[in-house]
Amino acid sequence: MDFNLNEERQQLADMLARFIRQDYGFEARRKIVASERGFSDAVWKEFANLGLLGIGIPEEDGGMGGNAIDTGIVMEALGSGLVVEPYLTTVVLCGGLVRDLGSAEQKAAILAPMVGGELRLAFVDATAQVKSQGGSHALTGSRTLVLHGGSADRLIVTARSVSGPSLFLVDANAAGVSRREYGTRDGQKAADITLDNAPGQFLGESGRARDALSRNTDAAIAAICAEAVGCMDALTAQTLEYLKTRKQFGVPIGSFQVIKHRMADMFIHAAQARSMALLAAMRVSEGEAAERARAVAAAKSLVGRAARYVGQQAVQLHGGMGVTDELAVSHYFRRLTAINATFGDAEHHLARFSDAMLEEAVK
């Protein structure tokens, strides 16, 4: 299996690395996180100008095309810069659901402005109760910790129906929708959202959301694994540089054999995580459902454990400075910790992988 990037994807990776290096440095990010909105409209518009908001969206719907591997390249770069803009929720998860389920009218109303940077989305797994009368639907339910729910223009809400899982589109500013936004420890934004007879419309057809939910949740997990790889690469690079410059007994502490071994272990964990994240992206792009689910579960479990190791080692090797807010290391560590918990932690996905292997064995 060839894990090398082709020329176009390498150009995308290089462009993103340049953007992070020049326009999204650590101090610039700190100002964005401290702002009232918690993300930058200017950066979001630049993402649109670069075509990033159209990756994974078909060209006929106004997007740039591409698949989970292209998304992974973007997410890895965002991880390296600790980018806080709502790319995962808007483009990867919600954009994918609209792409797969939406009617022609819904795609036209949502995807084009999303790709242009004019509309943001959030996913609300509320399993809401639905009251239908005539052609109208009212949703009641609540959900805590909705990622970027406070800044979203539209919400995609889960609900039960007689025929199976359904998704609804809800105007985030409609009557019956209340939101309480707050910052999270990793610099992101989240919100508690309550729906009280909020008006909504089916995304696609009633009861037909199961496969699209499974596929796009797996795509989001593969994407966040790639983000973790970007975080780990940045952490290993920063830690190595610190070990070269920090001296003890007149020599760099990186020259001590035990420190070399710990640094080597960090690189090995990060390299293994990269391979698994890329394999998950490949299976999301090309694999059938069961194969995709196994690969994604395996990746999330291994990446979660690797992230924990790399993050802890980076903090420890920086000494007391590793936990200070002024040093980027602590911010990467917090983000890696949050990534491990998002969409299920390493232990959850290890159990998911084991169950999938058992089901395959008894067939």
# chains A, B, ... in the order shown; residues from 1 in each chain; ligands from 1
call {"tool": "closest_atom_pairs", "arguments": {"of": "stretch 118-148 of chain A", "to": "stretch 163-174 of chain A", "cutoff": "10 Å", "atoms": "only C-alpha atoms", "output": "tab-separated table"}}
result
residue	atom	partner	partner_atom	distance
A:Leu121	CA	A:Ala172	CA	9.0
A:Ala122	CA	A:Ala172	CA	9.1
A:Phe123	CA	A:Leu169	CA	9.8
A:Val124	CA	A:Leu167	CA	9.7
A:Asp125	CA	A:Leu167	CA	9.4
A:Thr127	CA	A:Pro165	CA	8.6
A:Ala128	CA	A:Phe168	CA	9.5
A:Val130	CA	A:Phe168	CA	9.8
A:His137	CA	A:Phe168	CA	9.2
A:Ala138	CA	A:Val170	CA	9.7
A:Leu139	CA	A:Phe168	CA	8.7
call {"tool": "select_by_dssp", "arguments": {"residues": "stretch 96-315 of chain A", "states": "helix (DSSP H, G or I)", "output": "PyMOL selection string"}}
result
chain A and resi 96-101+104-115+210-245+253-255+257-286+289-315
call {"tool": "residues_around", "arguments": {"residues": "A:Arg180", "least_positions_apart": "2", "cutoff": "8 Å", "atoms": "only C-alpha atoms", "output": "list in words"}}
result
Gly150, Ser178, Tyr182, Ala191, Asp192 and Ile193 of chain A
call {"tool": "closest_residue", "arguments": {"among": "A:Ala222, A:Leu350, A:Ala289, A:Ala209", "to": "A:Gly102", "atoms": "only C-alpha atoms"}}
result
A:Ala209
call {"tool": "select_by_dssp", "arguments": {"residues": "stretch 41-234 of chain A", "states": "strand (DSSP E or B)", "output": "PyMOL selection string"}}
result
chain A and resi 55+65+121-133+136-147+154-161+164-171+177-183+189-202
call {"tool": "write_last_selection", "arguments": {"atoms": "C-alpha atoms", "output": "mmCIF file, in the first residue's frame"}}
result
data_model
loop_
_atom_site.group_PDB
_atom_site.id
_atom_site.type_symbol
_atom_site.label_atom_id
_atom_site.label_comp_id
_atom_site.auth_asym_id
_atom_site.auth_seq_id
_atom_site.Cartn_x
_atom_site.Cartn_y
_atom_site.Cartn_z
ATOM 1 C CA ILE A 55 -12.987 19.757 -0.134
ATOM 2 C CA GLY A 65 -14.240 17.430 -4.959
ATOM 3 C CA LEU A 121 -23.144 24.352 10.553
ATOM 4 C CA ALA A 122 -23.183 22.354 13.789
ATOM 5 C CA PHE A 123 -24.279 18.806 14.569
ATOM 6 C CA VAL A 124 -26.694 18.335 17.485
ATOM 7 C CA ASP A 125 -27.037 14.702 18.541
ATOM 8 C CA ALA A 126 -30.170 15.404 20.589
ATOM 9 C CA THR A 127 -32.372 12.520 19.405
ATOM 10 C CA ALA A 128 -35.174 15.076 19.540
ATOM 11 C CA GLN A 129 -38.876 14.385 19.818
ATOM 12 C CA VAL A 130 -40.791 15.472 16.744
ATOM 13 C CA LYS A 131 -44.341 16.742 16.466
ATOM 14 C CA SER A 132 -45.609 16.843 12.903
ATOM 15 C CA GLN A 133 -48.729 18.532 11.666
ATOM 16 C CA SER A 136 -44.508 21.307 9.436
ATOM 17 C CA HIS A 137 -42.353 19.747 12.153
ATOM 18 C CA ALA A 138 -41.513 20.935 15.672
ATOM 19 C CA LEU A 139 -38.509 19.541 17.562
ATOM 20 C CA THR A 140 -37.990 19.316 21.314
ATOM 21 C CA GLY A 141 -34.764 18.126 22.932
ATOM 22 C CA SER A 142 -31.424 19.261 24.294
ATOM 23 C CA ARG A 143 -27.728 18.552 24.042
ATOM 24 C CA THR A 144 -24.697 19.749 25.964
ATOM 25 C CA LEU A 145 -21.226 20.367 24.562
ATOM 26 C CA VAL A 146 -22.224 20.919 20.930
ATOM 27 C CA LEU A 147 -18.968 21.796 19.193
ATOM 28 C CA ARG A 154 -27.862 26.074 10.773
ATOM 29 C CA LEU A 155 -28.115 23.013 12.998
ATOM 30 C CA ILE A 156 -28.401 19.397 11.896
ATOM 31 C CA VAL A 157 -30.399 17.616 14.596
ATOM 32 C CA THR A 158 -30.889 13.880 15.105
ATOM 33 C CA ALA A 159 -34.392 12.566 15.785
ATOM 34 C CA ARG A 160 -36.202 9.252 15.983
ATOM 35 C CA SER A 161 -38.982 8.291 13.628
ATOM 36 C CA GLY A 164 -35.578 4.831 11.559
ATOM 37 C CA PRO A 165 -33.087 7.615 12.420
ATOM 38 C CA SER A 166 -33.814 10.956 10.798
ATOM 39 C CA LEU A 167 -32.005 14.266 10.525
ATOM 40 C CA PHE A 168 -33.555 17.722 10.590
ATOM 41 C CA LEU A 169 -32.304 21.099 9.468
ATOM 42 C CA VAL A 170 -33.001 23.822 12.016
ATOM 43 C CA ASP A 171 -32.328 27.549 11.712
ATOM 44 C CA VAL A 177 -33.830 27.499 19.858
ATOM 45 C CA SER A 178 -31.738 28.613 22.836
ATOM 46 C CA ARG A 179 -27.951 28.413 23.044
ATOM 47 C CA ARG A 180 -25.453 28.924 25.858
ATOM 48 C CA GLU A 181 -21.931 29.228 24.484
ATOM 49 C CA TYR A 182 -18.674 28.771 26.397
ATOM 50 C CA GLY A 183 -15.004 28.063 25.806
ATOM 51 C CA LYS A 189 -15.977 26.803 21.517
ATOM 52 C CA ALA A 190 -19.014 24.724 22.454
ATOM 53 C CA ALA A 191 -22.626 25.359 23.428
ATOM 54 C CA ASP A 192 -25.512 23.819 25.302
ATOM 55 C CA ILE A 193 -28.479 23.823 22.942
ATOM 56 C CA THR A 194 -32.146 23.442 23.844
ATOM 57 C CA LEU A 195 -34.944 23.005 21.330
ATOM 58 C CA ASP A 196 -38.482 23.803 22.475
ATOM 59 C CA ASN A 197 -40.878 23.147 19.600
ATOM 60 C CA ALA A 198 -38.287 24.575 17.230
ATOM 61 C CA PRO A 199 -39.301 24.459 13.553
ATOM 62 C CA GLY A 200 -37.294 22.068 11.374
ATOM 63 C CA GLN A 201 -37.350 20.278 8.049
ATOM 64 C CA PHE A 202 -36.212 16.793 7.160
#
call {"tool": "residues_around", "arguments": {"residues": "A:Gln272", "least_positions_apart": "6", "cutoff": "10 Å", "atoms": "only C-alpha atoms", "output": "list in words"}}
result
Val229, Ala299, Leu302, Val303 and Ala306 of chain A
call {"tool": "atom_distance", "arguments": {"atom1": "atom CA of A:Arg99", "atom2": "atom CA of A:Ala280"}}
result
20.5 Å
call {"tool": "closest_residue", "arguments": {"among": "A:Tyr24, A:Phe333, A:Trp44, A:Phe267", "to": "A:Gln312", "atoms": "only C-alpha atoms"}}
result
A:Phe333
